[in-house]
Amino acid sequence: FQQELEKRGFNTLNSRSAIIPVLVGDEEKLGALQMALFEAGIFSNIGTTPAVNVSKCRLRLNVMATHSPEQLAWAADTLEKLGKKTGVI
């Protein structure tokens, strides 16, 4: 899933943990993307000030073993579509 996001233009900060960060770097775009994802059925957390510098604000995505390949493909497609719509990618 992480590699698929990277292929589509997202910066995942080369993370190798269970939580996949998606660098946004703009709080307004971050809020718009998180809301659009929620409305599409994808829950994500965010990391923003004061936890991180505003230029490092990000989505935090969790992938679980119970997610099917089809669900992850749909999530990647949806993230790409909404990332483009909100100007993140």
# chains A, B, ... in the order shown; residues from 1 in each chain; ligands from 1
call {"tool": "residues_around", "arguments": {"residues": "Lys7 of chain A", "least_positions_apart": "4", "cutoff": "12 Å", "atoms": "only C-alpha atoms", "output": "number ranges by chain"}}
result
A: 1-3, 11-12, 76-77, 80, 89
call {"tool": "write_last_selection", "arguments": {"atoms": "all heavy atoms", "output": "short mmCIF file (atom, residue, chain, number, x, y, z; two decimals), in the first residue's frame"}}
result
data_model
loop_
_atom_site.label_atom_id
_atom_site.label_comp_id
_atom_site.auth_asym_id
_atom_site.auth_seq_id
_atom_site.Cartn_x
_atom_site.Cartn_y
_atom_site.Cartn_z
N PHE A 1 0.83 -1.19 0.00
CA PHE A 1 0.00 0.00 0.00
C PHE A 1 0.87 1.25 0.00
O PHE A 1 0.64 2.17 -0.77
CB PHE A 1 -0.95 -0.03 1.20
CG PHE A 1 -1.84 1.17 1.33
CD1 PHE A 1 -2.87 1.38 0.42
CD2 PHE A 1 -1.66 2.09 2.33
CE1 PHE A 1 -3.70 2.48 0.53
CE2 PHE A 1 -2.49 3.19 2.46
CZ PHE A 1 -3.51 3.38 1.55
N GLN A 2 1.88 1.27 0.86
CA GLN A 2 2.76 2.42 0.93
C GLN A 2 3.48 2.65 -0.39
O GLN A 2 3.55 3.78 -0.88
CB GLN A 2 3.77 2.25 2.06
CG GLN A 2 4.69 3.45 2.21
CD GLN A 2 5.58 3.35 3.43
OE1 GLN A 2 5.39 2.48 4.28
NE2 GLN A 2 6.53 4.22 3.53
N GLN A 3 3.98 1.59 -0.99
CA GLN A 3 4.66 1.72 -2.28
C GLN A 3 3.70 2.22 -3.35
O GLN A 3 4.09 3.01 -4.21
CB GLN A 3 5.25 0.38 -2.70
CG GLN A 3 6.43 -0.03 -1.84
CD GLN A 3 6.92 -1.43 -2.18
OE1 GLN A 3 6.19 -2.23 -2.76
NE2 GLN A 3 8.15 -1.73 -1.81
N ASN A 11 4.35 11.58 -0.68
CA ASN A 11 5.58 11.48 0.09
C ASN A 11 5.26 10.81 1.42
O ASN A 11 4.58 11.40 2.27
CB ASN A 11 6.18 12.87 0.32
CG ASN A 11 7.48 12.83 1.11
OD1 ASN A 11 7.89 11.80 1.64
ND2 ASN A 11 8.12 13.98 1.21
N THR A 12 5.72 9.58 1.61
CA THR A 12 5.46 8.85 2.85
C THR A 12 6.66 8.90 3.80
O THR A 12 6.73 8.12 4.76
CB THR A 12 5.08 7.39 2.57
OG1 THR A 12 6.20 6.73 1.97
CG2 THR A 12 3.85 7.29 1.68
N ALA A 76 -6.10 3.41 -2.19
CA ALA A 76 -5.05 4.09 -2.95
C ALA A 76 -5.66 4.91 -4.09
O ALA A 76 -5.27 6.05 -4.33
CB ALA A 76 -4.04 3.08 -3.49
N ASP A 77 -6.64 4.33 -4.80
CA ASP A 77 -7.32 5.06 -5.88
C ASP A 77 -8.01 6.31 -5.33
O ASP A 77 -7.94 7.38 -5.93
CB ASP A 77 -8.36 4.17 -6.56
CG ASP A 77 -7.76 3.06 -7.40
OD1 ASP A 77 -6.56 3.13 -7.73
OD2 ASP A 77 -8.51 2.11 -7.72
N GLU A 80 -5.51 8.99 -4.30
CA GLU A 80 -4.97 9.67 -5.47
C GLU A 80 -5.97 10.69 -6.02
O GLU A 80 -5.63 11.84 -6.28
CB GLU A 80 -4.61 8.67 -6.55
CG GLU A 80 -4.05 9.32 -7.80
CD GLU A 80 -3.67 8.34 -8.89
OE1 GLU A 80 -4.21 7.21 -8.89
OE2 GLU A 80 -2.86 8.72 -9.73
N ILE A 89 -1.24 16.38 -4.36
CA ILE A 89 -0.36 15.82 -5.39
C ILE A 89 -0.74 16.42 -6.74
O ILE A 89 -1.80 16.97 -6.90
CB ILE A 89 -0.39 14.28 -5.48
CG1 ILE A 89 -1.80 13.76 -5.69
CG2 ILE A 89 0.23 13.69 -4.24
CD1 ILE A 89 -1.88 12.27 -6.01
#
call {"tool": "residues_around", "arguments": {"residues": "Arg58 of chain A", "least_positions_apart": "2", "cutoff": "6 Å", "atoms": "only C-alpha atoms", "output": "PyMOL selection string"}}
result
chain A and resi 22-24+46-47
call {"tool": "residues_around", "arguments": {"residues": "Lys85 of chain A", "least_positions_apart": "6", "cutoff": "10 Å", "atoms": "only C-alpha atoms", "output": "ChimeraX atom specification"}}
result
/A:29,32-33,36,79
call {"tool": "write_last_selection", "arguments": {"atoms": "N, CA, C and O atoms", "output": "compact mmCIF listing (two decimals), in the first residue's frame"}}
result
# COMPACT_ATOMS: atom_id res chain seq x y z
N LYS A 29 -4.75 22.38 3.17
CA LYS A 29 -4.88 21.21 2.29
C LYS A 29 -5.06 19.94 3.11
O LYS A 29 -5.82 19.05 2.73
N ALA A 32 -8.64 19.77 4.25
CA ALA A 32 -9.52 19.46 3.12
C ALA A 32 -9.40 18.00 2.72
O ALA A 32 -10.41 17.33 2.47
N LEU A 33 -8.17 17.48 2.69
CA LEU A 33 -7.97 16.09 2.31
C LEU A 33 -8.54 15.15 3.36
O LEU A 33 -9.23 14.18 3.02
N ALA A 36 -12.33 15.15 3.02
CA ALA A 36 -12.76 14.46 1.80
C ALA A 36 -12.60 12.95 1.95
O ALA A 36 -13.47 12.18 1.52
N LEU A 79 -7.38 7.94 -2.47
CA LEU A 79 -6.38 8.91 -2.02
C LEU A 79 -5.80 9.68 -3.21
O LEU A 79 -5.62 10.91 -3.13
call {"tool": "select_by_dssp", "arguments": {"residues": "chain A", "states": "helix (DSSP H, G or I)", "output": "number ranges by chain"}}
result
A: 2-7, 27-40, 54-56, 69-85
call {"tool": "closest_residue", "arguments": {"among": "A:Ala40, A:Gly25, A:Thr78, A:Lys84", "to": "Val54 of chain A", "atoms": "only C-alpha atoms"}}
result
A:Gly25
call {"tool": "closest_residue", "arguments": {"among": "A:Ala18, A:Val88, A:Leu30, A:Leu5", "to": "Ala65 of chain A", "atoms": "only C-alpha atoms"}}
result
A:Ala18
call {"tool": "atom_distance", "arguments": {"atom1": "atom CA of Glu39 of chain A", "atom2": "atom CA of Ser55 of chain A"}}
result
25.0 Å
call {"tool": "select_by_dssp", "arguments": {"residues": "chain A", "states": "strand (DSSP E or B)", "output": "list in words"}}
result
Ile19, Ile20, Pro21, Val22, Leu23, Asn45, Ile46, Gly47, Arg58, Leu59, Arg60, Leu61 and Asn62 of chain A
call {"tool": "write_last_selection", "arguments": {"atoms": "N, CA, C and O atoms", "output": "JSON list (two decimals), in the first residue's frame"}}
result
[["chain", "number", "residue", "atom", "x", "y", "z"],
["A", 19, "ILE", "N", 2.21, 2.78, 10.99],
["A", 19, "ILE", "CA", 1.49, 4.02, 10.68],
["A", 19, "ILE", "C", 2.20, 4.67, 9.49],
["A", 19, "ILE", "O", 3.38, 4.98, 9.55],
["A", 20, "ILE", "N", 1.47, 4.84, 8.40],
["A", 20, "ILE", "CA", 2.05, 5.41, 7.19],
["A", 20, "ILE", "C", 1.76, 6.91, 7.16],
["A", 20, "ILE", "O", 0.61, 7.32, 7.06],
["A", 21, "PRO", "N", 2.82, 7.73, 7.25],
["A", 21, "PRO", "CA", 2.59, 9.17, 7.14],
["A", 21, "PRO", "C", 2.49, 9.57, 5.67],
["A", 21, "PRO", "O", 3.13, 8.98, 4.80],
["A", 22, "VAL", "N", 1.65, 10.55, 5.41],
["A", 22, "VAL", "CA", 1.57, 11.14, 4.07],
["A", 22, "VAL", "C", 1.78, 12.64, 4.26],
["A", 22, "VAL", "O", 0.91, 13.35, 4.78],
["A", 23, "LEU", "N", 2.97, 13.10, 3.89],
["A", 23, "LEU", "CA", 3.32, 14.50, 4.08],
["A", 23, "LEU", "C", 2.43, 15.39, 3.21],
["A", 23, "LEU", "O", 2.28, 15.13, 2.01],
["A", 45, "ASN", "N", -5.95, 9.83, 10.81],
["A", 45, "ASN", "CA", -5.54, 10.80, 11.82],
["A", 45, "ASN", "C", -4.66, 11.82, 11.13],
["A", 45, "ASN", "O", -4.21, 11.61, 10.00],
["A", 46, "ILE", "N", -4.40, 12.92, 11.83],
["A", 46, "ILE", "CA", -3.48, 13.92, 11.29],
["A", 46, "ILE", "C", -2.40, 14.22, 12.32],
["A", 46, "ILE", "O", -2.59, 14.01, 13.51],
["A", 47, "GLY", "N", -1.29, 14.69, 11.82],
["A", 47, "GLY", "CA", -0.23, 15.22, 12.66],
["A", 47, "GLY", "C", 0.01, 16.65, 12.24],
["A", 47, "GLY", "O", 0.30, 16.90, 11.07],
["A", 58, "ARG", "N", 0.87, 16.23, 8.31],
["A", 58, "ARG", "CA", 0.68, 15.00, 7.56],
["A", 58, "ARG", "C", -0.58, 14.25, 7.95],
["A", 58, "ARG", "O", -1.11, 14.43, 9.04],
["A", 59, "LEU", "N", -1.01, 13.40, 7.03],
["A", 59, "LEU", "CA", -2.00, 12.37, 7.35],
["A", 59, "LEU", "C", -1.26, 11.22, 8.01],
["A", 59, "LEU", "O", -0.06, 11.02, 7.76],
["A", 60, "ARG", "N", -1.97, 10.46, 8.81],
["A", 60, "ARG", "CA", -1.42, 9.25, 9.41],
["A", 60, "ARG", "C", -2.39, 8.12, 9.10],
["A", 60, "ARG", "O", -3.51, 8.12, 9.57],
["A", 61, "LEU", "N", -1.95, 7.19, 8.27],
["A", 61, "LEU", "CA", -2.80, 6.09, 7.82],
["A", 61, "LEU", "C", -2.37, 4.79, 8.49],
["A", 61, "LEU", "O", -1.17, 4.52, 8.60],
["A", 62, "ASN", "N", -3.33, 4.00, 8.90],
["A", 62, "ASN", "CA", -3.07, 2.70, 9.51],
["A", 62, "ASN", "C", -3.60, 1.60, 8.61],
["A", 62, "ASN", "O", -4.77, 1.62, 8.25]]
call {"tool": "atom_distance", "arguments": {"atom1": "atom CA of Glu27 of chain A", "atom2": "atom CA of Lys56 of chain A"}}
result
9.3 Å
call {"tool": "atom_distance", "arguments": {"atom1": "atom CA of Gly31 of chain A", "atom2": "atom CA of Ala75 of chain A"}}
result
17.8 Å
